[in-house]
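> Encoded as structure tokens, here's the structure I'll be asking about.
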Amino acid sequence: MKFIALKTNDGQETGKISFYCRVLEVTRQRFRDYLENRDKPWKHEALAAKMMEIIAEDEWNDTYGRERMHQALTLKYPEADIPSESTVYRVMRDIGITHKPNRKPNGITKSDKEARKSDDLLKRDFFSEKPCEKCVTDITEIKAENGKLYDIVAHILAFFL
């Protein structure tokens with residue numbers, strides 16, 4: 001739209017408007033609407049200013065996603081009418097402050113598609129005649145401050161089942 005406005009001297013040179021609109025696949029009515037509304041302020045200008053204020057407060061605030069930005073807006077401006085989280089995200093995207101976290105895949109192992117599956121020796125039959133005849137283990141990964149902890153639990157299936 002800006003290109004057409006520049007080339008046609010803000011719509012004053014009418015002969016060129018239809019050519020540029022046809023080449024850029026824009027209707028003439030849409031171009032006229034653009035000329036009428038280009039000087040109007042953006043309806044989310046105040047919200048965008050509040051977001052930029054929050055980001056400027058601390059150097060780490062630029063990592064805020066839409067949820068945290070929405071929470072920060074509602075905490076900092078409780079009397080203001082803050083729109084929904086999706087609107088906050090859309091405004092963040094429009095002003096270029098979206099954040100995509102670098103997430104690591106969860107889990108400790110990578111599945112091997114070609115590996116042979118182990119046989120189901122118990123076949124869901126957990127009853128045993130004597131103690132320690134059927135034993136099952138479980139490994140749990142627990143995240144800690146200084147690394148990972150592994151909890152290994154052995155389940156001894158005895159007569160009681």
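Naming works like this for the structure tokens: A, B, ... for the chains as they're shown, residue 1 at the start of each chain, ligands 1 onward in shown order.
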Go through stretch 92-145 of chain A residue by residue and, counting only C-alpha atoms, keep those with an atom at most 9 Å from stretch 66-80 of chain A; for each kept residue give the shortest atom pair and its distance in Å to one decimal, ordered by chain and increasing number, as CSV.

```
residue,atom,partner,partner_atom,distance
A:Met92,CA,A:Arg66,CA,7.7
A:Thr98,CA,A:Arg66,CA,7.7
A:His99,CA,A:Arg66,CA,8.4
```
> With C-alpha atoms retained, write the just-selected residues as a compact mmCIF listing (two decimals), in the first residue's frame.

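See selection-v4.txt below for the written result:
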```
# COMPACT_ATOMS: atom_id res chain seq x y z
CA MET A 92 3.84 -8.49 20.91
CA THR A 98 8.00 -12.29 20.82
CA HIS A 99 10.21 -14.82 22.53
```
> Given only C-alpha atoms as the basis, pick out the residue of A:Asp94, A:Ser86, A:Glu59, A:Gly15 nearest to A:Trp42.
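Of all the options, A:Asp94 lies closest to A:Trp42.
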> What's the separation between atom CA of A:Asp81 and atom CA of A:Asn37, in Å to one decimal place?
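Atom CA of A:Asn37 lies 24.7 Å from atom CA of A:Asp81.
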> Tell me, which residues of chain A carry DSSP helix (DSSP H, G or I), written as a PDB file with C-alpha atoms, in the first residue's frame?

```pdb
ATOM      1  CA  LYS A   2       2.804   2.405   0.862  1.00  0.00           C
ATOM      2  CA  PHE A   3       4.438   1.630  -2.467  1.00  0.00           C
ATOM      3  CA  ILE A   4       1.280   2.538  -4.399  1.00  0.00           C
ATOM      4  CA  ALA A   5       0.877   5.708  -2.348  1.00  0.00           C
ATOM      5  CA  LEU A   6       4.460   6.743  -3.115  1.00  0.00           C
ATOM      6  CA  LYS A   7       4.221   5.991  -6.829  1.00  0.00           C
ATOM      7  CA  THR A  14      -5.257   8.456 -10.930  1.00  0.00           C
ATOM      8  CA  GLY A  15      -4.056   6.824 -14.162  1.00  0.00           C
ATOM      9  CA  LYS A  16      -1.350   4.874 -12.366  1.00  0.00           C
ATOM     10  CA  ILE A  17      -3.523   3.629  -9.463  1.00  0.00           C
ATOM     11  CA  SER A  18      -5.346   0.970 -11.483  1.00  0.00           C
ATOM     12  CA  PHE A  19      -2.054  -0.281 -12.991  1.00  0.00           C
ATOM     13  CA  TYR A  20      -0.262  -0.640  -9.629  1.00  0.00           C
ATOM     14  CA  CYS A  21      -3.326  -2.155  -7.961  1.00  0.00           C
ATOM     15  CA  ARG A  22      -3.644  -4.738 -10.725  1.00  0.00           C
ATOM     16  CA  VAL A  23       0.072  -5.645 -10.626  1.00  0.00           C
ATOM     17  CA  ARG A  28      -8.708   0.071  -5.598  1.00  0.00           C
ATOM     18  CA  GLN A  29     -11.210   0.264  -2.751  1.00  0.00           C
ATOM     19  CA  ARG A  30      -8.675  -1.278  -0.381  1.00  0.00           C
ATOM     20  CA  PHE A  31      -6.115   1.305  -1.496  1.00  0.00           C
ATOM     21  CA  ARG A  32      -8.625   4.123  -0.902  1.00  0.00           C
ATOM     22  CA  ASP A  33      -9.357   2.699   2.577  1.00  0.00           C
ATOM     23  CA  TYR A  34      -5.615   2.690   3.255  1.00  0.00           C
ATOM     24  CA  LEU A  35      -5.339   6.355   2.275  1.00  0.00           C
ATOM     25  CA  GLU A  36      -8.246   7.269   4.587  1.00  0.00           C
ATOM     26  CA  ASN A  37      -7.004   5.326   7.612  1.00  0.00           C
ATOM     27  CA  GLU A  45      -0.697   1.910  20.829  1.00  0.00           C
ATOM     28  CA  ALA A  46      -1.157   2.352  24.597  1.00  0.00           C
ATOM     29  CA  LEU A  47      -0.840  -1.392  25.232  1.00  0.00           C
ATOM     30  CA  ALA A  48       2.341  -1.557  23.149  1.00  0.00           C
ATOM     31  CA  ALA A  49       3.806   1.359  25.143  1.00  0.00           C
ATOM     32  CA  LYS A  50       3.016  -0.448  28.434  1.00  0.00           C
ATOM     33  CA  MET A  51       4.719  -3.591  27.132  1.00  0.00           C
ATOM     34  CA  MET A  52       7.827  -1.671  26.119  1.00  0.00           C
ATOM     35  CA  GLU A  53       7.869  -0.092  29.609  1.00  0.00           C
ATOM     36  CA  ILE A  54       7.831  -3.536  31.226  1.00  0.00           C
ATOM     37  CA  ILE A  55      10.646  -4.734  28.969  1.00  0.00           C
ATOM     38  CA  ALA A  56      12.734  -1.640  29.739  1.00  0.00           C
ATOM     39  CA  GLU A  57      12.442  -2.204  33.528  1.00  0.00           C
ATOM     40  CA  GLU A  59      17.306  -6.680  31.146  1.00  0.00           C
ATOM     41  CA  TRP A  60      15.737 -10.130  31.607  1.00  0.00           C
ATOM     42  CA  ASN A  61      12.205  -8.996  30.818  1.00  0.00           C
ATOM     43  CA  ASP A  62      12.851  -9.345  27.105  1.00  0.00           C
ATOM     44  CA  THR A  63      12.429 -13.107  27.525  1.00  0.00           C
ATOM     45  CA  ARG A  66       2.686 -13.996  26.177  1.00  0.00           C
ATOM     46  CA  GLU A  67       1.594 -15.520  29.496  1.00  0.00           C
ATOM     47  CA  ARG A  68       4.206 -13.723  31.585  1.00  0.00           C
ATOM     48  CA  MET A  69       3.660 -10.460  29.712  1.00  0.00           C
ATOM     49  CA  HIS A  70      -0.093 -10.714  30.336  1.00  0.00           C
ATOM     50  CA  GLN A  71       0.555 -11.384  34.035  1.00  0.00           C
ATOM     51  CA  ALA A  72       3.028  -8.494  34.254  1.00  0.00           C
ATOM     52  CA  LEU A  73       0.526  -6.139  32.628  1.00  0.00           C
ATOM     53  CA  THR A  74      -2.265  -7.127  35.020  1.00  0.00           C
ATOM     54  CA  LEU A  75       0.041  -6.786  38.041  1.00  0.00           C
ATOM     55  CA  LYS A  76       1.560  -3.454  37.041  1.00  0.00           C
ATOM     56  CA  GLU A  85      -3.718 -13.174  26.339  1.00  0.00           C
ATOM     57  CA  SER A  86      -4.105 -13.797  22.619  1.00  0.00           C
ATOM     58  CA  THR A  87      -4.424 -10.062  21.949  1.00  0.00           C
ATOM     59  CA  VAL A  88      -1.318  -9.460  24.051  1.00  0.00           C
ATOM     60  CA  TYR A  89       0.505 -12.042  21.927  1.00  0.00           C
ATOM     61  CA  ARG A  90      -0.698 -10.460  18.686  1.00  0.00           C
ATOM     62  CA  VAL A  91       0.500  -7.008  19.793  1.00  0.00           C
ATOM     63  CA  MET A  92       3.840  -8.490  20.911  1.00  0.00           C
ATOM     64  CA  ARG A  93       4.236 -10.086  17.483  1.00  0.00           C
ATOM     65  CA  ASP A  94       3.348  -6.805  15.725  1.00  0.00           C
ATOM     66  CA  ILE A  95       5.950  -4.785  17.647  1.00  0.00           C
TER      67      ILE A  95
END
```
> Running DSSP on the backbone, which parts of chain A land in strand (DSSP E or B), as a list in words?
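Residues meeting the strand (DSSP E or B) criterion: Lys134, Cys135, Val136, Thr137, Asp138, Ile139, Thr140, Glu141, Ile142, Lys143, Ala144, Gly147, Lys148, Leu149, Tyr150, Asp151, Ile152, Val153, Ala154, His155, Ile156 and Leu157 of chain A.
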> Output C-alpha atoms for every residue in that selection, as a short mmCIF file (atom, residue, chain, number, x, y, z; two decimals), in the first residue's frame.

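Contents of selection_38.cif, freshly written:
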```
data_model
loop_
_atom_site.label_atom_id
_atom_site.label_comp_id
_atom_site.auth_asym_id
_atom_site.auth_seq_id
_atom_site.Cartn_x
_atom_site.Cartn_y
_atom_site.Cartn_z
CA LYS A 134 9.31 -62.29 39.90
CA CYS A 135 11.05 -58.94 40.34
CA VAL A 136 10.37 -55.68 38.53
CA THR A 137 12.40 -52.44 38.64
CA ASP A 138 11.64 -48.83 37.86
CA ILE A 139 14.09 -45.96 37.24
CA THR A 140 13.00 -42.37 37.93
CA GLU A 141 14.98 -39.26 36.98
CA ILE A 142 14.79 -36.43 39.53
CA LYS A 143 16.11 -32.97 38.63
CA ALA A 144 18.21 -31.36 41.37
CA GLY A 147 22.49 -32.35 38.42
CA LYS A 148 20.20 -35.31 38.12
CA LEU A 149 19.39 -38.00 40.66
CA TYR A 150 18.23 -41.46 39.70
CA ASP A 151 15.86 -43.33 41.96
CA ILE A 152 15.80 -47.08 41.36
CA VAL A 153 12.91 -48.92 42.90
CA ALA A 154 12.75 -52.71 42.94
CA HIS A 155 9.33 -54.27 43.31
CA ILE A 156 9.46 -57.78 44.66
CA LEU A 157 6.33 -59.65 43.81
#
```
> Could you please determine the separation between atom CA of A:Ile97 and atom CA of A:Pro41 in Å, to one decimal place?
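The value is 20.0 Å.
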